[in-house]
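One file, input.cif, is given below (mmCIF, C-alpha atoms).
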```cif
data_model
loop_
_atom_site.label_atom_id
_atom_site.label_comp_id
_atom_site.auth_asym_id
_atom_site.auth_seq_id
_atom_site.Cartn_x
_atom_site.Cartn_y
_atom_site.Cartn_z
CA MET T 215 33.97 31.21 24.85
CA ALA T 216 33.64 28.62 22.08
CA ARG T 217 36.82 26.80 21.13
CA LEU T 218 37.57 25.50 17.63
CA ILE T 219 39.43 22.22 18.02
CA LYS T 220 40.94 20.54 14.96
CA VAL T 221 40.95 16.78 15.41
CA SER T 222 43.06 14.45 13.29
CA GLY T 223 44.74 11.10 13.54
CA ARG T 224 47.65 12.13 11.32
CA GLY T 225 49.59 14.24 13.82
CA ASP T 226 48.47 17.62 12.42
CA GLY T 227 45.87 18.32 15.11
CA THR T 228 44.54 17.20 18.46
CA THR T 229 43.91 13.48 18.74
CA TRP T 230 40.37 12.18 19.11
CA LYS T 231 41.02 10.80 22.60
CA SER T 232 42.60 14.04 23.77
CA ALA T 233 39.73 16.10 22.42
CA LEU T 234 37.15 13.95 24.24
CA LYS T 235 39.14 13.98 27.48
CA ASP T 236 39.29 17.80 27.51
CA LEU T 237 35.81 18.43 26.08
CA GLN T 238 34.10 21.61 27.36
CA PRO T 239 30.66 23.18 26.73
CA ASP T 240 30.43 25.20 23.48
CA ASP T 241 33.40 23.39 21.90
CA VAL T 242 33.37 22.92 18.12
CA LEU T 243 35.25 19.81 17.01
CA LEU T 244 36.48 19.92 13.42
CA LEU T 245 37.15 16.32 12.43
CA ALA T 246 39.52 15.50 9.60
CA PRO T 247 38.40 12.64 7.32
CA GLY T 248 38.90 9.31 9.04
CA PHE T 249 37.37 6.78 11.42
CA TYR T 250 36.67 7.71 15.05
CA GLU T 251 35.40 5.33 17.72
CA LEU T 252 33.50 5.84 20.98
CA ASP T 253 34.00 2.70 23.05
CA ARG T 254 31.36 3.57 25.66
CA GLY T 255 29.37 6.29 23.99
CA LEU T 256 29.46 9.96 24.97
CA GLU T 257 27.27 12.17 27.15
CA VAL T 258 27.31 15.47 25.29
CA ASN T 259 26.91 18.97 26.68
CA ASN T 260 26.51 21.86 24.23
CA ILE T 261 28.97 20.79 21.57
CA THR T 262 29.19 20.81 17.77
CA ILE T 263 30.97 18.18 15.69
CA LYS T 264 31.77 18.92 12.05
CA GLY T 265 33.43 16.74 9.47
CA THR T 266 35.83 18.56 7.17
CA GLY T 267 35.70 16.04 4.31
CA ASN T 268 33.81 16.43 1.06
CA THR T 269 31.02 14.01 2.06
CA PRO T 270 29.66 12.65 5.37
CA ASP T 271 31.05 9.16 4.71
CA GLU T 272 34.61 10.49 4.71
CA THR T 273 34.31 11.20 8.45
CA VAL T 274 32.82 8.26 10.36
CA ILE T 275 32.10 8.01 14.09
CA SER T 276 31.31 4.58 15.51
CA GLY T 277 29.42 4.91 18.77
CA PHE T 278 26.43 6.60 20.38
CA PHE T 279 25.55 9.90 22.06
CA VAL T 280 23.36 10.72 25.07
CA LEU T 281 21.72 14.12 25.70
CA GLU T 282 20.89 14.68 29.37
CA ASN T 283 19.28 17.55 31.29
CA ASN T 284 22.42 19.72 31.17
CA CYS T 285 22.63 19.64 27.37
CA ASN T 286 21.06 22.67 25.70
CA PHE T 287 22.17 21.75 22.18
CA PHE T 288 24.05 19.18 20.15
CA THR T 289 24.90 19.70 16.47
CA LEU T 290 26.35 17.28 13.93
CA GLU T 291 27.39 18.37 10.44
CA ASN T 292 28.91 16.47 7.51
CA ILE T 293 29.36 13.35 9.65
CA ALA T 294 28.44 9.67 9.32
CA LEU T 295 27.45 7.81 12.50
CA GLN T 296 27.53 4.05 12.84
CA THR T 297 25.61 2.83 15.84
CA LYS T 298 26.91 0.40 18.43
CA SER T 299 24.81 -2.75 18.67
CA GLY T 300 22.17 -2.53 21.39
CA HIS T 301 22.18 1.28 21.61
CA ASN T 302 20.23 4.16 20.15
CA THR T 303 22.64 6.18 18.04
CA ILE T 304 21.40 9.43 19.63
CA TYR T 305 19.35 9.19 22.83
CA VAL T 306 17.52 12.14 24.42
CA GLU T 307 16.85 11.52 28.12
CA ASP T 308 13.44 11.97 29.82
CA ASP T 309 14.54 15.13 31.69
CA ALA T 310 16.26 16.79 28.71
CA ASP T 311 15.29 20.18 27.26
CA THR T 312 17.48 20.47 24.21
CA TYR T 313 18.08 21.27 20.55
CA LEU T 314 19.38 18.45 18.35
CA THR T 315 20.47 19.46 14.84
CA LEU T 316 21.78 17.25 12.03
CA ARG T 317 23.06 18.88 8.84
CA ASN T 318 24.28 16.75 5.93
CA THR T 319 24.66 13.85 8.34
CA THR T 320 24.09 10.11 7.81
CA LEU T 321 23.09 7.71 10.59
CA TYR T 322 23.52 3.98 9.95
CA GLY T 323 21.49 1.54 12.05
CA ASP T 324 21.54 -2.24 12.48
CA GLU T 325 17.95 -2.88 11.26
CA ASP T 326 16.95 -3.88 14.81
CA ASP T 327 14.52 -2.39 17.35
CA MET T 328 16.94 0.35 18.44
CA ALA T 329 16.11 3.78 17.04
CA ALA T 330 18.76 5.92 15.37
CA ILE T 331 17.25 8.92 17.16
CA ALA T 332 15.21 8.25 20.32
CA VAL T 333 13.55 11.25 21.98
CA ASN T 334 12.01 10.97 25.44
CA GLY T 335 12.26 14.50 26.83
CA LYS T 336 11.68 17.98 25.44
CA CYS T 337 13.50 18.37 22.15
CA THR T 338 13.61 20.53 19.05
CA LEU T 339 14.90 18.09 16.43
CA GLU T 340 16.15 19.43 13.10
CA LEU T 341 17.13 17.21 10.17
CA PHE T 342 18.54 19.11 7.20
CA SER T 343 19.83 17.24 4.12
CA SER T 344 20.40 14.17 6.28
CA LYS T 345 19.84 10.42 5.98
CA ILE T 346 18.67 7.83 8.50
CA LEU T 347 19.45 4.38 7.08
CA ASN T 348 18.37 0.96 8.42
CA SER T 349 16.89 2.51 11.54
CA SER T 350 14.13 4.78 12.80
CA VAL T 351 13.40 8.13 14.35
CA SER T 352 11.23 7.57 17.44
CA LEU T 353 9.50 10.32 19.44
CA PHE T 354 8.30 8.41 22.49
CA ALA T 355 5.27 8.90 24.73
CA GLN T 356 7.06 11.26 27.17
CA ALA T 357 8.42 13.44 24.37
CA ASP T 358 7.53 17.10 23.98
CA PHE T 359 8.89 17.73 20.52
CA ARG T 360 9.16 19.93 17.47
CA LEU T 361 10.55 18.10 14.46
CA THR T 362 11.67 19.89 11.32
CA MET T 363 12.76 17.54 8.52
CA THR T 364 13.85 19.09 5.22
CA ASP T 365 15.48 17.51 2.14
CA SER T 366 16.09 14.36 4.16
CA LEU T 367 15.56 10.60 3.99
CA ILE T 368 14.51 7.93 6.47
CA ASP T 369 14.97 4.48 4.93
CA TYR T 370 13.61 1.76 7.24
CA ASP T 371 10.89 -0.32 5.55
CA SER T 372 10.33 -2.67 8.48
CA GLU T 373 7.30 -4.94 8.96
CA ASN T 374 7.48 -4.51 12.75
CA TYR T 375 8.58 -0.94 13.44
CA ALA T 376 7.82 2.55 12.19
CA ALA T 377 10.41 4.46 10.21
CA LEU T 378 9.13 7.64 11.88
CA GLY T 379 7.20 6.87 15.06
CA ILE T 380 5.39 9.77 16.73
CA GLN T 381 3.99 9.58 20.23
CA GLY T 382 3.88 12.24 22.92
CA LYS T 383 2.89 15.78 22.00
CA GLY T 384 4.30 18.18 19.47
CA THR T 385 4.58 19.19 15.83
CA ALA T 386 6.37 17.47 12.95
CA ILE T 387 6.97 19.51 9.77
CA ILE T 388 8.33 17.36 6.95
CA SER T 389 9.23 18.99 3.63
CA ASN T 390 10.86 17.80 0.39
CA SER T 391 11.72 14.50 2.03
CA MET T 392 11.24 10.74 1.66
CA ILE T 393 10.26 8.13 4.23
CA HIS T 394 10.74 4.56 3.01
CA GLY T 395 8.60 2.78 5.60
CA ASN T 396 5.79 3.65 7.99
CA LEU T 397 5.06 7.11 9.26
CA SER T 398 3.05 6.26 12.38
CA THR T 399 1.30 8.16 15.12
CA TYR T 400 -0.02 6.16 18.07
CA PRO T 401 -3.19 6.03 20.23
CA ASN T 402 -1.55 8.25 22.89
CA SER T 403 -0.35 10.81 20.32
CA ASN T 404 -1.33 14.46 20.54
CA ALA T 405 0.42 15.80 17.49
CA GLU T 406 0.31 17.85 14.32
CA VAL T 407 2.01 16.37 11.26
CA ASP T 408 2.59 18.52 8.16
CA LEU T 409 3.74 16.80 4.96
CA ASN T 410 4.85 19.07 2.13
CA ASN T 411 6.25 17.74 -1.17
CA THR T 412 7.07 14.50 0.60
CA ALA T 413 6.77 10.79 -0.30
CA ILE T 414 6.08 8.07 2.28
CA SER T 415 5.51 4.34 1.88
CA TYR T 416 2.72 4.04 4.45
CA GLY T 417 0.88 6.30 6.86
CA LEU T 418 -0.73 4.96 10.06
CA ILE T 419 -2.49 7.81 11.87
CA HIS T 420 -3.91 7.23 15.36
CA GLY T 421 -4.65 9.19 18.52
CA GLN T 422 -5.51 12.88 18.47
CA THR T 423 -3.52 13.76 15.39
CA TRP T 424 -3.99 16.62 12.93
CA VAL T 425 -2.43 15.93 9.52
CA ASN T 426 -1.92 18.48 6.75
CA MET T 427 -0.76 16.90 3.50
CA LEU T 428 0.21 19.01 0.47
CA ASN T 429 1.71 17.85 -2.87
CA SER T 430 2.69 14.54 -1.30
CA THR T 431 2.52 10.85 -2.22
CA VAL T 432 1.79 7.57 -0.46
CA GLU T 433 3.66 4.97 -2.50
CA LYS T 434 2.41 1.54 -1.42
CA ASN T 435 -0.53 -0.20 -3.14
CA ASP T 436 -2.20 -1.83 -0.11
CA ASP T 437 -5.90 -1.24 0.67
CA SER T 438 -4.92 0.62 3.84
CA SER T 439 -1.58 2.14 2.85
CA PHE T 440 -2.87 5.37 4.42
CA TYR T 441 -4.87 4.40 7.52
CA ILE T 442 -6.60 7.10 9.57
CA SER T 443 -8.17 6.18 12.91
CA ASP T 444 -9.27 7.32 16.40
CA ASP T 445 -10.03 11.07 16.68
CA SER T 446 -7.71 12.25 13.92
CA TRP T 447 -8.39 15.18 11.57
CA VAL T 448 -6.76 15.07 8.14
CA ASN T 449 -6.57 17.75 5.44
CA ILE T 450 -5.27 16.47 2.08
CA LEU T 451 -4.55 18.73 -0.90
CA GLN T 452 -3.03 17.93 -4.31
CA SER T 453 -1.71 14.54 -3.24
CA GLU T 454 -1.60 11.03 -4.71
CA PHE T 455 -2.35 7.67 -3.11
CA LYS T 456 -1.18 4.69 -5.17
CA GLY T 457 -3.10 2.36 -2.84
CA GLY T 458 -6.01 2.91 -0.50
CA ILE T 459 -7.11 5.40 2.14
CA PHE T 460 -8.90 3.65 5.02
CA LEU T 461 -10.91 5.73 7.49
CA ASP T 462 -12.54 4.49 10.67
CA LYS T 463 -13.75 5.46 14.17
CA ASN T 464 -14.33 9.22 14.63
CA THR T 465 -12.03 10.58 11.94
CA ARG T 466 -12.72 13.74 9.96
CA THR T 467 -11.10 13.99 6.53
CA LEU T 468 -11.05 16.65 3.81
CA ILE T 469 -9.62 15.62 0.43
CA GLN T 470 -9.16 18.15 -2.38
CA ASN T 471 -7.59 17.98 -5.84
CA SER T 472 -6.17 14.53 -5.17
CA LYS T 473 -5.89 11.14 -6.84
CA ILE T 474 -6.79 8.00 -4.86
CA ASP T 475 -6.83 4.38 -6.02
CA ARG T 476 -9.23 3.13 -3.31
CA LEU T 477 -11.23 4.75 -0.52
CA ILE T 478 -12.88 2.90 2.38
CA ALA T 479 -14.71 4.63 5.23
CA CYS T 480 -16.45 2.91 8.13
CA ASP T 481 -17.63 3.39 11.74
CA ASN T 482 -18.43 7.12 12.28
CA ALA T 483 -15.92 8.49 9.80
CA LYS T 484 -16.82 11.67 7.93
CA VAL T 485 -15.17 12.56 4.65
CA THR T 486 -15.51 15.52 2.28
CA LEU T 487 -14.20 15.19 -1.27
CA ASN T 488 -13.67 18.00 -3.77
CA ASN T 489 -12.21 17.92 -7.31
CA SER T 490 -10.68 14.48 -6.79
CA THR T 491 -10.50 11.12 -8.56
CA ILE T 492 -11.06 7.64 -7.13
CA ILE T 493 -9.65 5.20 -9.65
CA SER T 494 -10.73 1.69 -8.62
CA HIS T 495 -13.20 1.47 -5.76
CA ALA T 496 -15.01 3.46 -3.05
CA ASP T 497 -16.74 1.80 -0.11
CA PHE T 498 -18.75 3.44 2.69
CA GLN T 499 -19.84 1.28 5.62
CA ASP T 500 -21.56 1.41 9.03
CA LYS T 501 -22.44 5.06 9.86
CA ALA T 502 -19.82 6.67 7.64
CA THR T 503 -20.92 9.84 5.85
CA ALA T 504 -19.43 11.32 2.69
CA ASP T 505 -19.99 14.50 0.72
CA ALA T 506 -18.55 14.71 -2.79
CA THR T 507 -18.37 17.64 -5.23
CA ARG T 508 -16.84 17.37 -8.72
CA VAL T 509 -15.48 13.91 -7.99
CA ALA T 510 -14.87 11.07 -10.47
CA PHE T 511 -15.76 7.58 -9.22
CA SER T 512 -14.31 4.87 -11.44
CA GLY T 513 -13.94 1.09 -11.30
CA ARG T 514 -11.87 -1.75 -12.64
CA ASP T 515 -12.51 -5.43 -13.44
CA ASP T 516 -11.04 -6.93 -10.26
CA PHE T 517 -13.54 -5.02 -8.06
CA GLU T 518 -17.17 -6.13 -8.17
CA TYR T 519 -18.36 -2.61 -7.29
CA PHE T 520 -16.93 0.74 -8.26
CA LEU T 521 -19.06 2.29 -5.51
CA ALA T 522 -20.64 0.44 -2.57
CA LEU T 523 -22.56 1.49 0.54
CA ASN T 524 -23.95 -0.61 3.36
CA GLY T 525 -25.09 -0.31 6.96
CA GLN T 526 -26.35 3.22 7.56
CA ALA T 527 -23.74 4.93 5.42
CA THR T 528 -24.71 8.00 3.38
CA LEU T 529 -23.22 9.64 0.31
CA GLY T 530 -24.26 12.97 -1.15
CA GLY T 531 -22.72 14.00 -4.45
CA ARG T 532 -22.90 16.93 -6.87
CA ASP T 533 -21.47 17.30 -10.36
CA LEU T 534 -20.07 13.77 -10.31
CA ILE T 535 -18.38 11.76 -13.06
CA ILE T 536 -18.81 7.98 -12.98
CA ASN T 537 -16.87 5.43 -15.02
CA PRO T 538 -17.97 1.94 -13.90
CA ASN T 539 -15.71 0.09 -16.39
CA GLY T 540 -17.71 -3.11 -15.97
CA SER T 541 -18.21 -2.93 -12.20
CA ARG T 542 -21.46 -2.07 -10.39
CA LEU T 543 -23.04 0.24 -7.83
CA ALA T 544 -24.44 -1.26 -4.62
CA VAL T 545 -26.54 0.43 -1.95
CA GLN T 546 -27.36 -2.17 0.70
CA ASP T 547 -29.06 -2.32 4.11
CA ASP T 548 -30.18 1.17 5.24
CA ALA T 549 -27.55 3.07 3.29
CA LYS T 550 -28.60 6.11 1.25
CA ILE T 551 -27.25 8.00 -1.74
CA LYS T 552 -28.26 11.26 -3.37
CA LEU T 553 -26.21 11.92 -6.50
CA ASN T 554 -26.18 14.46 -9.32
CA ILE T 555 -24.18 13.06 -12.24
CA VAL T 556 -22.87 15.30 -15.03
CA SER T 557 -20.97 12.67 -17.03
CA SER T 558 -20.74 8.89 -17.29
CA SER T 559 -18.99 6.36 -19.48
CA ALA T 560 -22.13 4.18 -19.26
CA GLN T 561 -25.51 5.03 -20.77
CA ASP T 562 -27.48 3.24 -18.05
CA LEU T 563 -26.63 2.42 -14.46
CA GLU T 564 -27.71 -0.72 -12.64
CA VAL T 565 -28.00 -0.27 -8.89
CA GLU T 566 -27.99 -3.32 -6.65
CA CYS T 567 -30.19 -2.51 -3.66
CA ASN T 568 -32.94 -3.69 -1.31
CA ARG T 569 -34.56 -0.28 -0.62
CA ARG T 570 -35.26 1.68 -3.78
CA PRO T 571 -36.45 4.84 -1.92
CA ASN T 572 -32.96 5.18 -0.43
CA ILE T 573 -31.57 5.96 -3.89
CA ASN T 574 -31.83 9.34 -5.58
CA ILE T 575 -29.79 9.68 -8.77
CA LEU T 576 -30.18 12.59 -11.20
CA GLY T 577 -28.46 13.11 -14.53
CA MET T 578 -28.67 9.60 -16.02
CA ARG T 579 -30.96 6.63 -16.36
CA TRP T 580 -30.70 4.00 -13.68
CA GLU T 581 -32.45 0.78 -12.76
CA ALA T 582 -32.81 -0.87 -9.37
CA LYS T 583 -31.81 -4.49 -9.13
CA LYS T 584 -33.00 -6.42 -6.11
CA ASN T 585 -30.27 -7.60 -3.79
CA ASN T 586 -30.82 -11.33 -3.28
CA ASP T 587 -28.56 -11.65 -0.24
#
```
Write the structure described by the file as structure tokens, please.
Amino acid sequence: MARLIKVSGRGDGTTWKSALKDLQPDDVLLLAPGFYELDRGLEVNNITIKGTGNTPDETVISGFFVLENNCNFFTLENIALQTKSGHNTIYVEDDADTYLTLRNTTLYGDEDDMAAIAVNGKCTLELFSSKILNSSVSLFAQADFRLTMTDSLIDYDSENYAALGIQGKGTAIISNSMIHGNLSTYPNSNAEVDLNNTAISYGLIHGQTWVNMLNSTVEKNDDSSFYISDDSWVNILQSEFKGGIFLDKNTRTLIQNSKIDRLIACDNAKVTLNNSTIISHADFQDKATADATRVAFSGRDDFEYFLALNGQATLGGRDLIINPNGSRLAVQDDAKIKLNIVSSSAQDLEVECNRRPNINILGMRWEAKKNND
């Protein structure tokens, strides 16, 4: 039977040390506001810890927790955790099969290579209205996971480590949340990642990863702030990219009703675009193929080309809008385009090319200009 244990350092409840010494499975520890320390960390076994203050930062635990194979669940609510140097704040062992739930909880890291939450075994991880600060959530190669992250924040904009690193196999469903830093899947990943009403700084998608992205934003302005590689499949709907989407290898990407600053596709990447806007530059290289319907291709002064193809890349387009804004169109090498344009900010279009038969443009006047390279 579950026991409710009131813990306080003011003499009106069980002391912290006594509660830990007599800890039993299914116990619920109700912590009064204050500071509690774990000198050597704690191996937990089916317990719940709740802070009874008004905010998580009123009830602070300094230490770390380990979930082993005998732990079926561990729940933290209305608590702030401060990690011990050199330790993951919460560590899920290789042989674990557990539920880990954080509600209205804040984890503070040391901005080092130790994850706030490190998952190696089988784990259902739930983050509700919680914050991970100065550290990461890492689902390692051995992990078999299901992550649900709702109304939560991961703030770890590191140059060397992912804020949310996904390896192993499983599903991550992220809704109404923010990730300040990289959301990364890795070459050994076999995962599904669903982003709903969520903002991230960067996305680095590798391995065999399926991404569904709805009403979400990638905030950084780099050329490859959303990088899709390997054998990944990505479905993007009603989202905004303040920098560039970069596609390579064998990726398959569907983009609908979205706004993109730059788009680059190379290798064998295939991309389908519908009802979307590319603001500054689109570039298709190697054997990349693209199909565009009701898409606006625009340019800006600091890009020589608003649209460029080379290698054996192909682009087919219907009902397109083009706004060169002083930049040009280039179709080089053996690349081919077949476009139907319904509106343009320019009366005439100059196409830099070396094979005029590879160009088929309907809907406006255009002139081939020999490529001298």
Inset, instruction - Skip Val242 (chain T) itself and residues of its chain fewer than 6 positions away, then list as an MDAnalysis selection string all residues within 7 Å of it, counting only C-alpha atoms. - result: chainID T and resid 216:219 261:263
Legend entry - Residues selected by the PyMOL selection byres ((chain T and resi 277-280) around 9), written as number ranges by chain: T: 250-258, 275-276, 281-282, 295-299, 301-307
Inset, instruction - In the coordinates of the file, take the point (-25.8, 4.1, -1.3) and a cut-off of 10 Å; then, counting all atoms listed in the file, name each qualifying protein, DNA or RNA residue as number ranges by chain. - result: T: 497-499, 521-530, 543-553, 565-567, 569, 572-574
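Using only C-alpha atoms for every distance, the candidate list T:Thr229, T:Ser372, T:Ser430, T:Ser366 yields T:Ser430 as the residue closest to Asn471 (chain T).
Proximity ranking of T:Ile331, T:Val425, T:Leu316, T:Ala310 relative to Gln356 (chain T) places T:Ala310 first, based on only C-alpha atoms.
Each of T:Phe354, T:Tyr370, T:Phe287, T:Phe517 was checked against Asn404 (chain T) using all atoms listed in the file; the smallest atom-to-atom distance is that of T:Phe354.
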Legend entry - Residues within 7 Å of (27.8, 13.6, 6.5), counting all atoms listed in the file, listed as a PyMOL selection string: chain T and resi 269-271+291-294+318-320
Pull out region 478-488 of chain T, keep all heavy atoms, and write it as an mmCIF file, in the first residue's frame.
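Result file is selection_19.cif:
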```
data_model
loop_
_atom_site.group_PDB
_atom_site.id
_atom_site.type_symbol
_atom_site.label_atom_id
_atom_site.label_comp_id
_atom_site.auth_asym_id
_atom_site.auth_seq_id
_atom_site.Cartn_x
_atom_site.Cartn_y
_atom_site.Cartn_z
ATOM 1 N N ILE T 478 18.213 24.055 -50.042
ATOM 2 C CA ILE T 478 19.294 23.421 -50.801
ATOM 3 C C ILE T 478 19.068 21.920 -50.771
ATOM 4 O O ILE T 478 18.879 21.332 -49.699
ATOM 5 C CB ILE T 478 20.677 23.763 -50.211
ATOM 6 C CG1 ILE T 478 20.908 25.281 -50.245
ATOM 7 C CG2 ILE T 478 21.784 23.044 -50.978
ATOM 8 C CD1 ILE T 478 22.165 25.731 -49.520
ATOM 9 N N ALA T 479 19.087 21.286 -51.952
ATOM 10 C CA ALA T 479 18.936 19.836 -52.050
ATOM 11 C C ALA T 479 20.041 19.292 -52.939
ATOM 12 O O ALA T 479 20.325 19.847 -54.012
ATOM 13 C CB ALA T 479 17.572 19.478 -52.627
ATOM 14 N N CYS T 480 20.677 18.202 -52.502
ATOM 15 C CA CYS T 480 21.763 17.620 -53.277
ATOM 16 C C CYS T 480 21.730 16.094 -53.160
ATOM 17 O O CYS T 480 20.812 15.522 -52.572
ATOM 18 C CB CYS T 480 23.112 18.184 -52.841
ATOM 19 S SG CYS T 480 23.523 17.920 -51.108
ATOM 20 N N ASP T 481 22.746 15.433 -53.729
ATOM 21 C CA ASP T 481 22.816 13.972 -53.780
ATOM 22 C C ASP T 481 21.555 13.416 -54.459
ATOM 23 O O ASP T 481 21.192 13.852 -55.532
ATOM 24 C CB ASP T 481 23.019 13.385 -52.379
ATOM 25 C CG ASP T 481 24.366 13.750 -51.792
ATOM 26 O OD1 ASP T 481 25.295 14.047 -52.575
ATOM 27 O OD2 ASP T 481 24.498 13.747 -50.569
ATOM 28 N N ASN T 482 20.866 12.461 -53.815
ATOM 29 C CA ASN T 482 19.664 11.851 -54.384
ATOM 30 C C ASN T 482 18.388 12.323 -53.687
ATOM 31 O O ASN T 482 17.366 11.626 -53.719
ATOM 32 C CB ASN T 482 19.760 10.334 -54.299
ATOM 33 C CG ASN T 482 20.851 9.770 -55.186
ATOM 34 O OD1 ASN T 482 20.860 9.998 -56.400
ATOM 35 N ND2 ASN T 482 21.778 9.028 -54.588
ATOM 36 N N ALA T 483 18.446 13.468 -53.062
ATOM 37 C CA ALA T 483 17.293 13.970 -52.323
ATOM 38 C C ALA T 483 16.117 14.227 -53.258
ATOM 39 O O ALA T 483 16.283 14.699 -54.386
ATOM 40 C CB ALA T 483 17.669 15.257 -51.587
ATOM 41 N N LYS T 484 14.918 13.921 -52.752
ATOM 42 C CA LYS T 484 13.680 14.213 -53.471
ATOM 43 C C LYS T 484 12.816 15.096 -52.584
ATOM 44 O O LYS T 484 12.634 14.815 -51.404
ATOM 45 C CB LYS T 484 12.930 12.922 -53.811
ATOM 46 C CG LYS T 484 13.672 11.991 -54.761
ATOM 47 C CD LYS T 484 12.825 10.773 -55.095
ATOM 48 C CE LYS T 484 13.589 9.777 -55.960
ATOM 49 N NZ LYS T 484 13.931 10.337 -57.278
ATOM 50 N N VAL T 485 12.284 16.170 -53.180
ATOM 51 C CA VAL T 485 11.465 17.096 -52.410
ATOM 52 C C VAL T 485 10.233 17.482 -53.214
ATOM 53 O O VAL T 485 10.307 17.718 -54.421
ATOM 54 C CB VAL T 485 12.286 18.346 -51.989
ATOM 55 C CG1 VAL T 485 12.873 19.063 -53.193
ATOM 56 C CG2 VAL T 485 11.434 19.297 -51.159
ATOM 57 N N THR T 486 9.093 17.515 -52.520
ATOM 58 C CA THR T 486 7.833 17.975 -53.104
ATOM 59 C C THR T 486 7.378 19.194 -52.325
ATOM 60 O O THR T 486 7.302 19.169 -51.093
ATOM 61 C CB THR T 486 6.760 16.875 -53.027
ATOM 62 O OG1 THR T 486 7.216 15.722 -53.743
ATOM 63 C CG2 THR T 486 5.461 17.355 -53.637
ATOM 64 N N LEU T 487 7.062 20.277 -53.068
ATOM 65 C CA LEU T 487 6.651 21.533 -52.454
ATOM 66 C C LEU T 487 5.260 21.909 -52.936
ATOM 67 O O LEU T 487 4.983 21.886 -54.147
ATOM 68 C CB LEU T 487 7.624 22.659 -52.822
ATOM 69 C CG LEU T 487 9.081 22.499 -52.364
ATOM 70 C CD1 LEU T 487 10.023 22.815 -53.497
ATOM 71 C CD2 LEU T 487 9.362 23.406 -51.186
ATOM 72 N N ASN T 488 4.396 22.295 -51.982
ATOM 73 C CA ASN T 488 3.046 22.744 -52.314
ATOM 74 C C ASN T 488 2.710 24.004 -51.523
ATOM 75 O O ASN T 488 2.957 24.060 -50.306
ATOM 76 C CB ASN T 488 2.000 21.667 -51.980
ATOM 77 C CG ASN T 488 2.064 20.487 -52.923
ATOM 78 O OD1 ASN T 488 1.938 20.643 -54.131
ATOM 79 N ND2 ASN T 488 2.267 19.299 -52.369
#
```
